[in-house]
Amino acid sequence: MKKRLFPLLLALLFTLSACGGAGSGDASSASAAAGDMSMDTNGWAESADTADGGSADFSAVRQNAKLILRADLTLETQDFDAASADLEKLTAETGGYIESSSLSGDKGSRSAYYTLRIPQEKFETFYAQLGDRAHVVYSSRSSEDITEQYTDIETRLATLQTKHERLLALLDQAGKMEDIISLENALADCEYEIDSLTGSKRHYDDLVGFSTFSVTLDEVQTLTATPEGSGFGAQLTQAAKTGTRGLVDSVRALILGIVMFWPVVLLLAAGGGAAVVIAKKRRKKREAEWAAQAAQPLVPPEKDEKK
């Protein structure tokens, strides 16, 4: 009796797996539809209330969706050491960590590049505090809605867990060697898929739980002027400030270049002075020769006597 029921149980197991795959697709479609209702193309909610002029609060939306938040900022500072230390301290106080960092340039024109991971619930606070701690010349932020992918992984994991339990139960009942080998192979494949999906789910949890900030911190002598409006007057003012700053920077660079390469400048000056002296001597010599030739009397040529 057990041998007759075993093939039927095995067939029912594979039928269950097929049904689970179909259920995964239905759950993904439902998740995508829900995401389309609450999110725009960038993942931010269009219906957030900003009528009071304050920043929108997206915490309610994030509770119902799996969002990967990212921000990219370029900051300037005239006190590089203090600003970099303040940035690292702010990251730690927020509960985040530095994923990577690098430093380039010489003192006076250094640049630091940070990849920071900040808890998602502190995203807005950290984003605003960066603007308060340094001069922002560029900033952008984005979000990616992965609710559909995440729900699909959860559904597939649940189906695979059920399949794994059924395979173990069938393995206990198997009597033939070929059936045991077949079930063990199916168990190995099932466990591999479970491990792969679990890793993907863990990766998504990390990306969702900790938002990513890409921050560039530049050391400058003069802060870049930022426009205070979008009208022609604001653009004209910014152009004037930019032109003045460019002239000052050019004069400073010229002076620094002369000081840095003073031996070459000295040699060029000495060579130019020597060339001028030699040219004057040659000119005086030619003028003296011309004067001597002009002072000599003209002697008419003698005519040959006729024989």
# chains A, B, ... in the order shown; residues from 1 in each chain; ligands from 1

$ select_by_dssp --residues "range 124-298 of chain A" --states "strand (DSSP E)" --output "PyMOL selection string"
chain A and resi 135-145+210-219

$ residues_around --residues "range 123-125 of chain A" --least-positions-apart "4" --cutoff "12 Å" --atoms "only C-alpha atoms" --output "PyMOL selection string"
chain A and resi 55-59+62+67-71+90-91+93-96+116-119+129-132+141-143+208-213

$ write_last_selection --atoms "N, CA, C and O atoms" --output "compact mmCIF listing (two decimals), in the first residue's frame"
# COMPACT_ATOMS: atom_id res chain seq x y z
N SER A 55 9.01 70.48 4.51
CA SER A 55 9.40 69.32 3.74
C SER A 55 8.37 68.22 3.93
O SER A 55 7.78 68.07 5.00
N ALA A 56 8.17 67.44 2.88
CA ALA A 56 7.18 66.37 2.92
C ALA A 56 7.67 65.23 3.81
O ALA A 56 8.85 64.94 3.87
N ASP A 57 6.73 64.56 4.48
CA ASP A 57 7.04 63.43 5.34
C ASP A 57 6.61 62.16 4.62
O ASP A 57 5.43 61.94 4.38
N PHE A 58 7.59 61.33 4.26
CA PHE A 58 7.31 60.12 3.50
C PHE A 58 7.36 58.86 4.37
O PHE A 58 7.41 57.76 3.86
N SER A 59 7.35 59.04 5.69
CA SER A 59 7.48 57.88 6.58
C SER A 59 6.31 56.93 6.43
O SER A 59 6.48 55.70 6.46
N ARG A 62 6.77 54.84 3.34
CA ARG A 62 7.85 53.86 3.45
C ARG A 62 7.44 52.65 4.29
O ARG A 62 8.00 51.57 4.14
N LEU A 67 11.47 50.65 -0.15
CA LEU A 67 12.14 51.68 -0.94
C LEU A 67 13.63 51.70 -0.62
O LEU A 67 14.04 51.65 0.53
N ILE A 68 14.44 51.78 -1.68
CA ILE A 68 15.87 51.98 -1.54
C ILE A 68 16.13 53.47 -1.78
O ILE A 68 15.91 53.98 -2.89
N LEU A 69 16.57 54.19 -0.75
CA LEU A 69 16.78 55.63 -0.83
C LEU A 69 18.25 55.92 -1.08
O LEU A 69 19.13 55.33 -0.46
N ARG A 70 18.51 56.87 -1.98
CA ARG A 70 19.88 57.28 -2.30
C ARG A 70 19.94 58.80 -2.38
O ARG A 70 18.96 59.45 -2.75
N ALA A 71 21.10 59.35 -2.02
CA ALA A 71 21.32 60.79 -2.12
C ALA A 71 22.75 61.03 -2.59
O ALA A 71 23.66 60.26 -2.27
N LEU A 90 28.83 63.17 12.60
CA LEU A 90 27.39 63.20 12.34
C LEU A 90 26.89 61.84 11.87
O LEU A 90 25.80 61.39 12.25
N THR A 91 27.68 61.15 11.05
CA THR A 91 27.31 59.82 10.58
C THR A 91 27.18 58.85 11.74
O THR A 91 26.21 58.07 11.82
N GLU A 93 26.67 59.60 14.96
CA GLU A 93 25.57 60.01 15.83
C GLU A 93 24.21 59.62 15.26
O GLU A 93 23.26 59.36 16.02
N THR A 94 24.10 59.55 13.95
CA THR A 94 22.83 59.19 13.32
C THR A 94 22.57 57.68 13.37
O THR A 94 21.46 57.24 13.09
N GLY A 95 23.61 56.92 13.71
CA GLY A 95 23.47 55.48 13.73
C GLY A 95 23.92 54.82 12.45
O GLY A 95 23.66 53.63 12.24
N GLY A 96 24.61 55.57 11.59
CA GLY A 96 25.09 55.03 10.33
C GLY A 96 26.55 54.63 10.41
O GLY A 96 27.17 54.62 11.48
N LEU A 116 28.27 56.72 2.50
CA LEU A 116 27.74 56.61 3.86
C LEU A 116 26.45 55.81 3.84
O LEU A 116 25.62 55.96 2.93
N ARG A 117 26.26 54.97 4.86
CA ARG A 117 25.03 54.20 5.01
C ARG A 117 24.32 54.72 6.26
O ARG A 117 24.85 54.63 7.38
N ILE A 118 23.12 55.27 6.05
CA ILE A 118 22.35 55.92 7.10
C ILE A 118 21.02 55.19 7.27
O ILE A 118 20.38 54.84 6.27
N PRO A 119 20.58 54.95 8.52
CA PRO A 119 19.27 54.32 8.71
C PRO A 119 18.17 55.07 7.97
O PRO A 119 18.16 56.31 7.95
N GLN A 129 20.78 68.04 7.66
CA GLN A 129 21.92 68.43 8.48
C GLN A 129 23.18 68.60 7.65
O GLN A 129 24.04 69.43 7.98
N LEU A 130 23.32 67.85 6.58
CA LEU A 130 24.48 68.04 5.71
C LEU A 130 24.50 69.44 5.12
O LEU A 130 25.56 70.07 4.99
N GLY A 131 23.32 69.95 4.75
CA GLY A 131 23.24 71.31 4.22
C GLY A 131 23.56 72.37 5.26
O GLY A 131 23.99 73.48 4.92
N ASP A 132 23.35 72.04 6.55
CA ASP A 132 23.65 73.00 7.61
C ASP A 132 25.12 72.98 8.00
O ASP A 132 25.64 73.97 8.52
N ARG A 141 18.47 63.44 -4.83
CA ARG A 141 18.07 62.24 -4.11
C ARG A 141 17.06 61.47 -4.95
O ARG A 141 16.35 62.04 -5.79
N SER A 142 17.01 60.17 -4.72
CA SER A 142 16.14 59.32 -5.51
C SER A 142 15.73 58.12 -4.67
O SER A 142 16.31 57.86 -3.61
N SER A 143 14.72 57.41 -5.14
CA SER A 143 14.28 56.20 -4.46
C SER A 143 13.90 55.16 -5.50
O SER A 143 13.46 55.49 -6.61
N VAL A 208 17.32 48.53 1.99
CA VAL A 208 16.13 49.26 2.44
C VAL A 208 16.36 49.85 3.83
O VAL A 208 16.00 51.00 4.11
N GLY A 209 16.97 49.08 4.71
CA GLY A 209 17.16 49.54 6.08
C GLY A 209 18.15 50.69 6.20
O GLY A 209 17.99 51.56 7.06
N PHE A 210 19.17 50.71 5.32
CA PHE A 210 20.19 51.76 5.37
C PHE A 210 20.28 52.43 4.00
O PHE A 210 20.65 51.80 3.01
N SER A 211 19.89 53.70 3.95
CA SER A 211 19.98 54.46 2.71
C SER A 211 21.45 54.79 2.40
O SER A 211 22.30 54.77 3.29
N THR A 212 21.73 55.10 1.14
CA THR A 212 23.10 55.33 0.68
C THR A 212 23.30 56.81 0.34
O THR A 212 22.55 57.37 -0.46
N PHE A 213 24.31 57.42 0.94
CA PHE A 213 24.69 58.80 0.66
C PHE A 213 26.07 58.80 -0.01
O PHE A 213 27.03 58.29 0.57

$ residues_around --residues "range 193-200 of chain A" --least-positions-apart "5" --cutoff "9 Å" --atoms "only C-alpha atoms" --output "JSON, numbers by chain"
{"A": [150, 153, 154, 156, 157, 160, 161, 188, 205]}

$ write_last_selection --atoms "N, CA and C atoms" --output "PDB file, in the first residue's frame"
ATOM      1  N   TYR A 150      10.580  42.170  -3.691  1.00  0.00           N
ATOM      2  CA  TYR A 150      10.670  41.668  -2.316  1.00  0.00           C
ATOM      3  C   TYR A 150       9.517  40.714  -2.004  1.00  0.00           C
ATOM      4  N   ILE A 153      10.082  37.379  -3.660  1.00  0.00           N
ATOM      5  CA  ILE A 153      11.049  36.550  -2.944  1.00  0.00           C
ATOM      6  C   ILE A 153      10.408  35.900  -1.721  1.00  0.00           C
ATOM      7  N   GLU A 154       9.616  36.669  -0.970  1.00  0.00           N
ATOM      8  CA  GLU A 154       8.966  36.108   0.213  1.00  0.00           C
ATOM      9  C   GLU A 154       8.008  34.970  -0.158  1.00  0.00           C
ATOM     10  N   ARG A 156       8.087  33.039  -2.876  1.00  0.00           N
ATOM     11  CA  ARG A 156       8.856  31.887  -3.357  1.00  0.00           C
ATOM     12  C   ARG A 156       9.523  31.156  -2.204  1.00  0.00           C
ATOM     13  N   LEU A 157      10.001  31.903  -1.213  1.00  0.00           N
ATOM     14  CA  LEU A 157      10.616  31.270  -0.052  1.00  0.00           C
ATOM     15  C   LEU A 157       9.600  30.420   0.719  1.00  0.00           C
ATOM     16  N   LEU A 160       8.980  27.260  -1.230  1.00  0.00           N
ATOM     17  CA  LEU A 160      10.119  26.352  -1.166  1.00  0.00           C
ATOM     18  C   LEU A 160      10.237  25.695   0.207  1.00  0.00           C
ATOM     19  N   GLN A 161       9.898  26.437   1.258  1.00  0.00           N
ATOM     20  CA  GLN A 161       9.918  25.839   2.593  1.00  0.00           C
ATOM     21  C   GLN A 161       8.906  24.694   2.699  1.00  0.00           C
ATOM     22  N   ALA A 188      18.480  18.809  -2.491  1.00  0.00           N
ATOM     23  CA  ALA A 188      19.666  19.650  -2.687  1.00  0.00           C
ATOM     24  C   ALA A 188      19.332  20.878  -3.542  1.00  0.00           C
ATOM     25  N   ASP A 205      17.072  43.743   2.389  1.00  0.00           N
ATOM     26  CA  ASP A 205      16.829  44.291   3.723  1.00  0.00           C
ATOM     27  C   ASP A 205      17.904  45.322   4.097  1.00  0.00           C
TER      28      ASP A 205
END
